[in-house]
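Asker: There's a structure below that I have some questions on.
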Amino acid sequence: MADHEYRVWAPRATRMRLVTEGASVEMEDAGGGWWRQSGPAGEYGFQIGDDDAVRPDPRSRRQPRGVHDRSQTFDPTEHEWQDADWTGRRLAGGVVYELHVGTFTPEGTFDAAASRLEHLASLGVTHVELLPVNAFNGTRNWGYDGVLWYAVQEEYGGPAGYQRFVDACHRAGLAVIQDVVYNHLGPSGNYLPLYGPYLGDERNTWGEVVQVREPEVRRYIVENALYWLREMHVDALRLDAVHALVDDPDDHILEALTVAVASESAHQGRPLTLIAESDLNDPRLVTPREGGGYGLDAQWSDDYHHAIHVALTRETSGYYGDFEPLGALGKALERGFFHDGTMSTFRGREHGHPIDVERMPSWRLVVSAQNHDQIGNRAVGDRIVDVLDDSQLLVAAMLLYAGPFTPMLFQGEEWAASSPFQFFTSHPEEELGRLTAEGRIAEFAAMGWDAEVVPDPQDPETFRRSVLRWEELGSGRHAVVLEGYRRLAALRRDWAALTDPSLHANRVVVDEEARTLRLTRGGSLRVAGSSDAEAAPGTGPVDVLVNVGDAVWEAPVPLGATLLFGTSSSVALDDAAVHLPPGSGAIVALPIG
């Protein structure tokens, strides 16, 4: 086979050897901690110093036999891309769908997931977000235990399967968001510290922090981000838990990523998007760089999830406690964050910073009523379908599709999927598997859960229970909820008010005692000087009405209002009021003028 140029950064080594096809060849010191050598393409690995053990490449594109074994070269340019006409999709006005490749279908592969894209399009989905797919030890994992950031897990289809999936998404008009983890590495198969100072002395929730202040580690991260966007044709990256990245606030890795991705976007001529998951409630992340921010495109907002969850389920334990008043949902709708400098009783301190609602477009916040974290990090991985009826589930959906932010759905929620999403692992190391299981059980036992009901993450049944049951779609409550999601998707497409990015134009009225909420959307859409006669269909303002109280709400609306959507057949417009039973909602088109 043709010679391949191998390069590796290993500043801790005094000697490096390249191993290919049974041969071990000394590598040349290229300076700056880099080593290089030519050899045949195919399987390979490195011997560090005088250690004869063969280690995988930190920049490995493929691990056919797992993360402890040799790497294999992979040329991404060999794929014959079919997306030459793809010009990308902006996040503004979009709908995100989060899925885990291993549990999205019974087959658990990219090719099987690609066969379901028509279903996603029927939900108004524009962006498909994949939980991490980079190589981890074992065969089953959420993906957050990855240790080789370039390699794609073989069980899902490897890098070639990944390219086919991206191509299929683009043919279906869907953008691809890849969830990437730069704040920690998994507990098994992480050989990076043998090569160089990838990890620092500080620790976060998952272990030693990634040393992003080290220039070559910083380069490692930025080049990985560009690999997904450039070589794999991905459209956006979701950056996991950026609050766990320890860096200089005035020279932050997030800003470095913004600069690099903006340059790549200009070169490719299509939008490339960066979305942060952050626990900070800090608008600096999504403030443009010219305004003193890091310039990311969007960030998750857990506050909106918590407010919806508490309003519908009445659950107030843990971090849900601050969101008990319905006014918490009202504030999130108007201000973006609930905690914007307010006291967080869960944290025991003031938390968050206010958003400039006059200037920041509302689509910069990605929100959900369910997601992998908020389901999977519950003791038994239970969904809200277990405690809410069909109408209440559609209230949650309505607050996503008709709310001011970028909605994100989690796999299966659109048909009230009965399968949980539990925490699962498959660590081959017996001791690591035992510690993972015991730690999970102890964590929830400390919160009062019966240890007997907390699933063992190492048990294959925990994984199998989490696989979606697609046979549910056409029957019973599943069909009812799915039809509601599709109707909401059509409304979001047809009514400009539902994608209006002017956060300051939203008006919210909450009756705390009755537990009712009215959100008026579309107040910024009228053009100065236009007449009522010039108004086009779908351009007027709408009211989003929610009743999570215990009594019927006769919600007054002006004469000429039209009922566009009700969460149940009991919701009705009668003269100048909408009849809303407890646990229901409606979208009403308001007359213009």
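FYI, nothing fancy with the structure tokens labels: chains A, B, ... in order, residues from 1 per chain, ligands from 1 as they appear.
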Could you pull the residues within 12 Å of Ala121 in chain A, counting only C-alpha atoms, minus those fewer than 2 positions along the same chain, as a list of chain:residue names?
Answerer: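 With the cut-off at 12 Å, the set is A:Gly94, A:Val95, A:Val96, A:Tyr97, A:Ala114, A:Ser115, A:Arg116, A:Leu117, A:Glu118, A:His119, A:Leu123, A:Gly124, A:Val125, A:Thr126, A:His127, A:Val128, A:Cys169, A:His170, A:Arg171, A:Ala172, A:Gly173, A:Leu174, A:Ala175, A:Tyr485, A:Arg486, A:Ala489, A:Ala490, A:Arg493.
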Asker: Near range 331-346 of chain A, counting only C-alpha atoms, which residues have an atom at most 9 Å away, once you skip same-chain residues fewer than 5 positions from it, shown as a PyMOL selection string?
Answerer: chain A and resi 281-282+301-304+307+318-323+326+351-357+362+365+403-405+503-508+519
Asker: From the options A:Pro132, A:Pro187, A:Gly102, A:Pro325, which residue's atoms come nearest to Arg238 in chain A, counting only C-alpha atoms?
Answerer: A:Pro132
Asker: Give me every strand (DSSP E) residue in range 209-424 of chain A, going by DSSP on the backbone, as a ChimeraX atom specification.
Answerer: /A:209-210,236-239,273-276,298-300,342-344,349-351,365-368,406-410
Asker: With 7 Å as the cut-off and only C-alpha atoms counted, what is the closest atom pair between each nearby residue of range 273-327 of chain A and range 251-263 of chain A? Distances in Å to one decimal, ordered by chain and number, as a tab-separated table.
Answerer:
residue	atom	partner	partner_atom	distance
A:Tyr294	CA	A:Glu255	CA	4.7
A:Gly295	CA	A:Thr258	CA	6.1
A:Leu296	CA	A:Thr258	CA	6.1
Asker: Quick one, how far is CA of Ala244 in chain A from CA of Ala225 in chain A?
Answerer: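 Atom-to-atom, CA of Ala244 in chain A to CA of Ala225 in chain A, that is 17.6 Å.
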Asker: Counting only C-alpha atoms, what is within 12 Å of range 81-84 of chain A, bar same-chain residues fewer than 4 positions away, as a PDB file with all heavy atoms, in the first residue's frame?
Answerer:
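Below is the file part.pdb, written as the result:
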ATOM      1  N   PRO A  76     -11.198  10.251   4.596  1.00  0.00           N
ATOM      2  CA  PRO A  76     -12.578  10.725   4.439  1.00  0.00           C
ATOM      3  C   PRO A  76     -12.899  11.190   3.031  1.00  0.00           C
ATOM      4  O   PRO A  76     -14.065  11.284   2.658  1.00  0.00           O
ATOM      5  CB  PRO A  76     -12.672  11.875   5.443  1.00  0.00           C
ATOM      6  CG  PRO A  76     -11.267  12.337   5.643  1.00  0.00           C
ATOM      7  CD  PRO A  76     -10.419  11.118   5.496  1.00  0.00           C
ATOM      8  N   THR A  77     -11.868  11.472   2.225  1.00  0.00           N
ATOM      9  CA  THR A  77     -12.128  11.969   0.870  1.00  0.00           C
ATOM     10  C   THR A  77     -12.539  10.855  -0.085  1.00  0.00           C
ATOM     11  O   THR A  77     -12.966  11.131  -1.212  1.00  0.00           O
ATOM     12  CB  THR A  77     -10.882  12.683   0.300  1.00  0.00           C
ATOM     13  OG1 THR A  77      -9.816  11.728   0.145  1.00  0.00           O
ATOM     14  CG2 THR A  77     -10.425  13.793   1.227  1.00  0.00           C
ATOM     15  N   GLY A  88     -26.757  24.359   3.468  1.00  0.00           N
ATOM     16  CA  GLY A  88     -26.826  24.485   4.912  1.00  0.00           C
ATOM     17  C   GLY A  88     -28.139  25.049   5.405  1.00  0.00           C
ATOM     18  O   GLY A  88     -29.024  25.428   4.631  1.00  0.00           O
ATOM     19  N   ALA A 160     -17.359   5.574   7.908  1.00  0.00           N
ATOM     20  CA  ALA A 160     -18.035   5.485   6.609  1.00  0.00           C
ATOM     21  C   ALA A 160     -19.552   5.529   6.789  1.00  0.00           C
ATOM     22  O   ALA A 160     -20.266   6.186   6.018  1.00  0.00           O
ATOM     23  CB  ALA A 160     -17.617   4.205   5.883  1.00  0.00           C
ATOM     24  N   TYR A 162     -21.053   6.971   9.192  1.00  0.00           N
ATOM     25  CA  TYR A 162     -21.352   8.349   9.593  1.00  0.00           C
ATOM     26  C   TYR A 162     -21.500   9.239   8.359  1.00  0.00           C
ATOM     27  O   TYR A 162     -22.428  10.047   8.265  1.00  0.00           O
ATOM     28  CB  TYR A 162     -20.239   8.872  10.496  1.00  0.00           C
ATOM     29  CG  TYR A 162     -20.536  10.199  11.143  1.00  0.00           C
ATOM     30  CD1 TYR A 162     -21.129  10.254  12.401  1.00  0.00           C
ATOM     31  CD2 TYR A 162     -20.245  11.400  10.508  1.00  0.00           C
ATOM     32  CE1 TYR A 162     -21.408  11.468  13.005  1.00  0.00           C
ATOM     33  CE2 TYR A 162     -20.525  12.613  11.093  1.00  0.00           C
ATOM     34  CZ  TYR A 162     -21.107  12.644  12.348  1.00  0.00           C
ATOM     35  OH  TYR A 162     -21.395  13.850  12.930  1.00  0.00           O
ATOM     36  N   GLN A 163     -20.592   9.094   7.407  1.00  0.00           N
ATOM     37  CA  GLN A 163     -20.673   9.909   6.199  1.00  0.00           C
ATOM     38  C   GLN A 163     -21.960   9.621   5.427  1.00  0.00           C
ATOM     39  O   GLN A 163     -22.599  10.542   4.906  1.00  0.00           O
ATOM     40  CB  GLN A 163     -19.449   9.652   5.322  1.00  0.00           C
ATOM     41  CG  GLN A 163     -18.160  10.220   5.901  1.00  0.00           C
ATOM     42  CD  GLN A 163     -16.948   9.880   5.056  1.00  0.00           C
ATOM     43  OE1 GLN A 163     -16.770   8.730   4.633  1.00  0.00           O
ATOM     44  NE2 GLN A 163     -16.108  10.863   4.784  1.00  0.00           N
ATOM     45  N   ARG A 164     -22.362   8.361   5.354  1.00  0.00           N
ATOM     46  CA  ARG A 164     -23.619   8.022   4.672  1.00  0.00           C
ATOM     47  C   ARG A 164     -24.805   8.678   5.363  1.00  0.00           C
ATOM     48  O   ARG A 164     -25.749   9.158   4.710  1.00  0.00           O
ATOM     49  CB  ARG A 164     -23.806   6.502   4.627  1.00  0.00           C
ATOM     50  CG  ARG A 164     -22.824   5.778   3.731  1.00  0.00           C
ATOM     51  CD  ARG A 164     -23.273   4.340   3.474  1.00  0.00           C
ATOM     52  NE  ARG A 164     -23.383   3.541   4.697  1.00  0.00           N
ATOM     53  CZ  ARG A 164     -22.390   2.849   5.229  1.00  0.00           C
ATOM     54  NH1 ARG A 164     -21.177   2.881   4.667  1.00  0.00           N
ATOM     55  NH2 ARG A 164     -22.580   2.128   6.327  1.00  0.00           N
ATOM     56  N   PHE A 165     -24.769   8.722   6.702  1.00  0.00           N
ATOM     57  CA  PHE A 165     -25.872   9.331   7.450  1.00  0.00           C
ATOM     58  C   PHE A 165     -25.960  10.829   7.162  1.00  0.00           C
ATOM     59  O   PHE A 165     -27.040  11.367   6.933  1.00  0.00           O
ATOM     60  CB  PHE A 165     -25.679   9.084   8.945  1.00  0.00           C
ATOM     61  CG  PHE A 165     -26.732   9.740   9.801  1.00  0.00           C
ATOM     62  CD1 PHE A 165     -27.985   9.170   9.930  1.00  0.00           C
ATOM     63  CD2 PHE A 165     -26.470  10.932  10.470  1.00  0.00           C
ATOM     64  CE1 PHE A 165     -28.970   9.774  10.711  1.00  0.00           C
ATOM     65  CE2 PHE A 165     -27.434  11.540  11.240  1.00  0.00           C
ATOM     66  CZ  PHE A 165     -28.692  10.961  11.364  1.00  0.00           C
ATOM     67  N   VAL A 166     -24.818  11.518   7.196  1.00  0.00           N
ATOM     68  CA  VAL A 166     -24.814  12.958   6.928  1.00  0.00           C
ATOM     69  C   VAL A 166     -25.331  13.221   5.519  1.00  0.00           C
ATOM     70  O   VAL A 166     -26.141  14.125   5.290  1.00  0.00           O
ATOM     71  CB  VAL A 166     -23.414  13.552   7.135  1.00  0.00           C
ATOM     72  CG1 VAL A 166     -23.376  15.013   6.702  1.00  0.00           C
ATOM     73  CG2 VAL A 166     -22.979  13.421   8.591  1.00  0.00           C
ATOM     74  N   ASP A 167     -24.883  12.433   4.572  1.00  0.00           N
ATOM     75  CA  ASP A 167     -25.363  12.574   3.197  1.00  0.00           C
ATOM     76  C   ASP A 167     -26.877  12.407   3.129  1.00  0.00           C
ATOM     77  O   ASP A 167     -27.581  13.163   2.453  1.00  0.00           O
ATOM     78  CB  ASP A 167     -24.677  11.537   2.300  1.00  0.00           C
ATOM     79  CG  ASP A 167     -23.896  12.169   1.158  1.00  0.00           C
ATOM     80  OD1 ASP A 167     -24.087  13.369   0.884  1.00  0.00           O
ATOM     81  OD2 ASP A 167     -23.079  11.468   0.548  1.00  0.00           O
ATOM     82  N   ALA A 168     -27.393  11.401   3.810  1.00  0.00           N
ATOM     83  CA  ALA A 168     -28.836  11.146   3.805  1.00  0.00           C
ATOM     84  C   ALA A 168     -29.598  12.310   4.425  1.00  0.00           C
ATOM     85  O   ALA A 168     -30.663  12.707   3.930  1.00  0.00           O
ATOM     86  CB  ALA A 168     -29.142   9.844   4.545  1.00  0.00           C
ATOM     87  N   CYS A 169     -29.071  12.856   5.516  1.00  0.00           N
ATOM     88  CA  CYS A 169     -29.721  14.012   6.150  1.00  0.00           C
ATOM     89  C   CYS A 169     -29.775  15.190   5.185  1.00  0.00           C
ATOM     90  O   CYS A 169     -30.817  15.846   5.043  1.00  0.00           O
ATOM     91  CB  CYS A 169     -28.978  14.402   7.419  1.00  0.00           C
ATOM     92  SG  CYS A 169     -29.268  13.300   8.823  1.00  0.00           S
ATOM     93  N   HIS A 170     -28.697  15.478   4.509  1.00  0.00           N
ATOM     94  CA  HIS A 170     -28.657  16.606   3.597  1.00  0.00           C
ATOM     95  C   HIS A 170     -29.609  16.393   2.414  1.00  0.00           C
ATOM     96  O   HIS A 170     -30.268  17.335   1.954  1.00  0.00           O
ATOM     97  CB  HIS A 170     -27.228  16.842   3.118  1.00  0.00           C
ATOM     98  CG  HIS A 170     -26.345  17.395   4.193  1.00  0.00           C
ATOM     99  ND1 HIS A 170     -24.978  17.541   4.034  1.00  0.00           N
ATOM    100  CD2 HIS A 170     -26.617  17.835   5.442  1.00  0.00           C
ATOM    101  CE1 HIS A 170     -24.463  18.057   5.149  1.00  0.00           C
ATOM    102  NE2 HIS A 170     -25.440  18.237   6.015  1.00  0.00           N
ATOM    103  N   ARG A 171     -29.724  15.153   1.922  1.00  0.00           N
ATOM    104  CA  ARG A 171     -30.696  14.875   0.862  1.00  0.00           C
ATOM    105  C   ARG A 171     -32.115  15.120   1.337  1.00  0.00           C
ATOM    106  O   ARG A 171     -32.990  15.519   0.561  1.00  0.00           O
ATOM    107  CB  ARG A 171     -30.557  13.428   0.378  1.00  0.00           C
ATOM    108  CG  ARG A 171     -29.363  13.173  -0.503  1.00  0.00           C
ATOM    109  CD  ARG A 171     -29.508  11.856  -1.269  1.00  0.00           C
ATOM    110  NE  ARG A 171     -29.670  10.709  -0.367  1.00  0.00           N
ATOM    111  CZ  ARG A 171     -28.655  10.027   0.147  1.00  0.00           C
ATOM    112  NH1 ARG A 171     -27.397  10.383  -0.133  1.00  0.00           N
ATOM    113  NH2 ARG A 171     -28.879   9.002   0.931  1.00  0.00           N
ATOM    114  N   ALA A 172     -32.358  14.889   2.626  1.00  0.00           N
ATOM    115  CA  ALA A 172     -33.687  15.094   3.201  1.00  0.00           C
ATOM    116  C   ALA A 172     -33.910  16.535   3.648  1.00  0.00           C
ATOM    117  O   ALA A 172     -34.962  16.859   4.212  1.00  0.00           O
ATOM    118  CB  ALA A 172     -33.889  14.149   4.389  1.00  0.00           C
ATOM    119  N   GLY A 173     -32.927  17.418   3.427  1.00  0.00           N
ATOM    120  CA  GLY A 173     -33.054  18.820   3.811  1.00  0.00           C
ATOM    121  C   GLY A 173     -32.787  19.074   5.279  1.00  0.00           C
ATOM    122  O   GLY A 173     -33.200  20.110   5.814  1.00  0.00           O
ATOM    123  N   LEU A 174     -32.094  18.144   5.936  1.00  0.00           N
ATOM    124  CA  LEU A 174     -31.838  18.248   7.370  1.00  0.00           C
ATOM    125  C   LEU A 174     -30.364  18.530   7.636  1.00  0.00           C
ATOM    126  O   LEU A 174     -29.480  17.879   7.054  1.00  0.00           O
ATOM    127  CB  LEU A 174     -32.240  16.951   8.082  1.00  0.00           C
ATOM    128  CG  LEU A 174     -33.694  16.521   7.925  1.00  0.00           C
ATOM    129  CD1 LEU A 174     -33.903  15.131   8.514  1.00  0.00           C
ATOM    130  CD2 LEU A 174     -34.632  17.521   8.601  1.00  0.00           C
ATOM    131  N   ALA A 175     -30.098  19.477   8.520  1.00  0.00           N
ATOM    132  CA  ALA A 175     -28.741  19.745   8.977  1.00  0.00           C
ATOM    133  C   ALA A 175     -28.372  18.752  10.082  1.00  0.00           C
ATOM    134  O   ALA A 175     -29.247  18.191  10.754  1.00  0.00           O
ATOM    135  CB  ALA A 175     -28.628  21.178   9.481  1.00  0.00           C
ATOM    136  N   GLU A 231     -14.391  17.629   7.018  1.00  0.00           N
ATOM    137  CA  GLU A 231     -14.249  16.310   6.404  1.00  0.00           C
ATOM    138  C   GLU A 231     -15.530  15.478   6.473  1.00  0.00           C
ATOM    139  O   GLU A 231     -15.792  14.673   5.579  1.00  0.00           O
ATOM    140  CB  GLU A 231     -13.108  15.539   7.080  1.00  0.00           C
ATOM    141  CG  GLU A 231     -11.796  16.283   7.135  1.00  0.00           C
ATOM    142  CD  GLU A 231     -11.216  16.592   5.772  1.00  0.00           C
ATOM    143  OE1 GLU A 231     -11.650  15.957   4.790  1.00  0.00           O
ATOM    144  OE2 GLU A 231     -10.334  17.469   5.682  1.00  0.00           O
ATOM    145  N   MET A 232     -16.323  15.671   7.512  1.00  0.00           N
ATOM    146  CA  MET A 232     -17.546  14.881   7.674  1.00  0.00           C
ATOM    147  C   MET A 232     -18.805  15.656   7.299  1.00  0.00           C
ATOM    148  O   MET A 232     -19.914  15.159   7.457  1.00  0.00           O
ATOM    149  CB  MET A 232     -17.644  14.352   9.107  1.00  0.00           C
ATOM    150  CG  MET A 232     -16.402  13.609   9.574  1.00  0.00           C
ATOM    151  SD  MET A 232     -15.970  12.191   8.520  1.00  0.00           S
ATOM    152  CE  MET A 232     -16.863  10.879   9.340  1.00  0.00           C
ATOM    153  N   HIS A 233     -18.645  16.883   6.837  1.00  0.00           N
ATOM    154  CA  HIS A 233     -19.743  17.714   6.319  1.00  0.00           C
ATOM    155  C   HIS A 233     -20.817  18.038   7.353  1.00  0.00           C
ATOM    156  O   HIS A 233     -21.960  18.334   6.987  1.00  0.00           O
ATOM    157  CB  HIS A 233     -20.381  17.046   5.096  1.00  0.00           C
ATOM    158  CG  HIS A 233     -19.520  17.078   3.877  1.00  0.00           C
ATOM    159  ND1 HIS A 233     -20.029  17.105   2.597  1.00  0.00           N
ATOM    160  CD2 HIS A 233     -18.159  17.075   3.722  1.00  0.00           C
ATOM    161  CE1 HIS A 233     -19.030  17.129   1.712  1.00  0.00           C
ATOM    162  NE2 HIS A 233     -17.884  17.100   2.386  1.00  0.00           N
ATOM    163  N   VAL A 234     -20.468  17.975   8.633  1.00  0.00           N
ATOM    164  CA  VAL A 234     -21.409  18.323   9.702  1.00  0.00           C
ATOM    165  C   VAL A 234     -21.714  19.820   9.646  1.00  0.00           C
ATOM    166  O   VAL A 234     -20.890  20.625   9.205  1.00  0.00           O
ATOM    167  CB  VAL A 234     -20.816  17.904  11.068  1.00  0.00           C
ATOM    168  CG1 VAL A 234     -21.563  18.525  12.224  1.00  0.00           C
ATOM    169  CG2 VAL A 234     -20.805  16.390  11.179  1.00  0.00           C
ATOM    170  N   GLN A 268     -16.435  27.699   3.198  1.00  0.00           N
ATOM    171  CA  GLN A 268     -17.366  26.737   2.616  1.00  0.00           C
ATOM    172  C   GLN A 268     -18.604  27.404   2.024  1.00  0.00           C
ATOM    173  O   GLN A 268     -19.294  26.804   1.200  1.00  0.00           O
ATOM    174  CB  GLN A 268     -17.803  25.707   3.665  1.00  0.00           C
ATOM    175  CG  GLN A 268     -16.707  24.777   4.125  1.00  0.00           C
ATOM    176  CD  GLN A 268     -17.272  23.577   4.872  1.00  0.00           C
ATOM    177  OE1 GLN A 268     -18.384  23.137   4.637  1.00  0.00           O
ATOM    178  NE2 GLN A 268     -16.490  23.043   5.805  1.00  0.00           N
ATOM    179  N   GLY A 269     -18.907  28.616   2.460  1.00  0.00           N
ATOM    180  CA  GLY A 269     -20.076  29.304   1.939  1.00  0.00           C
ATOM    181  C   GLY A 269     -21.391  28.748   2.451  1.00  0.00           C
ATOM    182  O   GLY A 269     -22.407  28.787   1.753  1.00  0.00           O
ATOM    183  N   ARG A 270     -21.380  28.205   3.658  1.00  0.00           N
ATOM    184  CA  ARG A 270     -22.619  27.730   4.279  1.00  0.00           C
ATOM    185  C   ARG A 270     -22.555  27.993   5.770  1.00  0.00           C
ATOM    186  O   ARG A 270     -21.460  28.085   6.351  1.00  0.00           O
ATOM    187  CB  ARG A 270     -22.848  26.237   4.010  1.00  0.00           C
ATOM    188  CG  ARG A 270     -21.812  25.299   4.641  1.00  0.00           C
ATOM    189  CD  ARG A 270     -22.066  23.850   4.243  1.00  0.00           C
ATOM    190  NE  ARG A 270     -21.014  22.964   4.748  1.00  0.00           N
ATOM    191  CZ  ARG A 270     -21.159  22.132   5.783  1.00  0.00           C
ATOM    192  NH1 ARG A 270     -22.311  22.080   6.439  1.00  0.00           N
ATOM    193  NH2 ARG A 270     -20.162  21.350   6.165  1.00  0.00           N
TER     194      ARG A 270
END
Asker: List the spatial neighbours of Leu274 in chain A as a PyMOL selection string - criterion: any atom at most 6 Å away, only C-alpha atoms, same-chain residues fewer than 6 positions off excluded.
Answerer: chain A and resi 236-237+296-297
Asker: Leaving out range 48-65 of chain A and any residue of its chain fewer than 2 positions from it, which residues lie within 10 Å of it when counting only C-alpha atoms, given as JSON, numbers by chain?
Answerer: {"A": [6, 7, 8, 9, 10, 12, 13, 14, 15, 16, 17, 18, 19, 24, 43, 44, 45, 46, 67, 68, 69, 70, 71, 72, 73, 74, 75, 76, 134, 135, 136, 147, 148, 149, 150, 151, 152, 153, 154, 155, 158, 159, 160, 189, 190, 191, 192, 194, 195, 220, 223, 224]}
Asker: Calculate how many Å separate CA of Glu443 in chain A from CA of Gln411 in chain A, rounding to one decimal.
Answerer: 26.1 Å
Asker: Within 10 Å of Glu277 in chain A, counting only C-alpha atoms, which residues show up once you throw out same-chain ones fewer than 4 positions away? Write them as a ChimeraX atom specification, please.
Answerer: /A:179,238-243,281,298-302,366
Asker: Just checking: using only C-alpha atoms, which residue out of A:Val101, A:Leu473, A:Ala397, A:Gly33 ends up closest to Pro197 in chain A?
Answerer: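 Closest to Pro197 in chain A of all the choices is A:Gly33.
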Asker: Return the single residue from A:Val467, A:Leu199, A:Ala536, A:Val395 that is closest to Gly583 in chain A, with distances computed using only C-alpha atoms.
Answerer: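 Ranking A:Val467, A:Leu199, A:Ala536, A:Val395 by distance to Gly583 in chain A, first place goes to A:Val395.
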Asker: When DSSP works through the backbone of this structure, what residues of range 178-388 of chain A end up as alpha helix (DSSP H), shown as a PyMOL selection string?
Answerer: chain A and resi 192-195+215-230+253-268+302-313+327-335+372-376
Asker: Applying 8 Å and only C-alpha atoms, which residues near range 421-437 of chain A remain after dropping the ones on its own chain fewer than 5 positions away? List them as a list of chain:residue names.
Answerer: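 The filter keeps A:Asn137, A:Gly138, A:Thr139, A:Arg140, A:Asn141, A:Trp142, A:Ser188, A:His372, A:Ile375, A:Gly376, A:Asn377, A:Arg378, A:Val380, A:Gly381, A:Asp382, A:Arg383, A:Pro455, A:Asp456, A:Pro457, A:Gln458, A:Asp459, A:Pro460, A:Thr462, A:Phe463, A:Arg465, A:Ser466, A:Val467.
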Asker: Just the number, please: distance in Å from CA of His184 in chain A to CA of Trp228 in chain A, one decimal.
Answerer: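 CA of His184 in chain A sits 18.5 Å away from CA of Trp228 in chain A.
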Asker: Restricting the calculation to only C-alpha atoms: of A:Arg477, A:Pro407, A:Leu329, A:His579, which residue gets closest to Leu393 in chain A?
Answerer: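 Looking at the shortest contact to Leu393 in chain A, the residue is A:Arg477.
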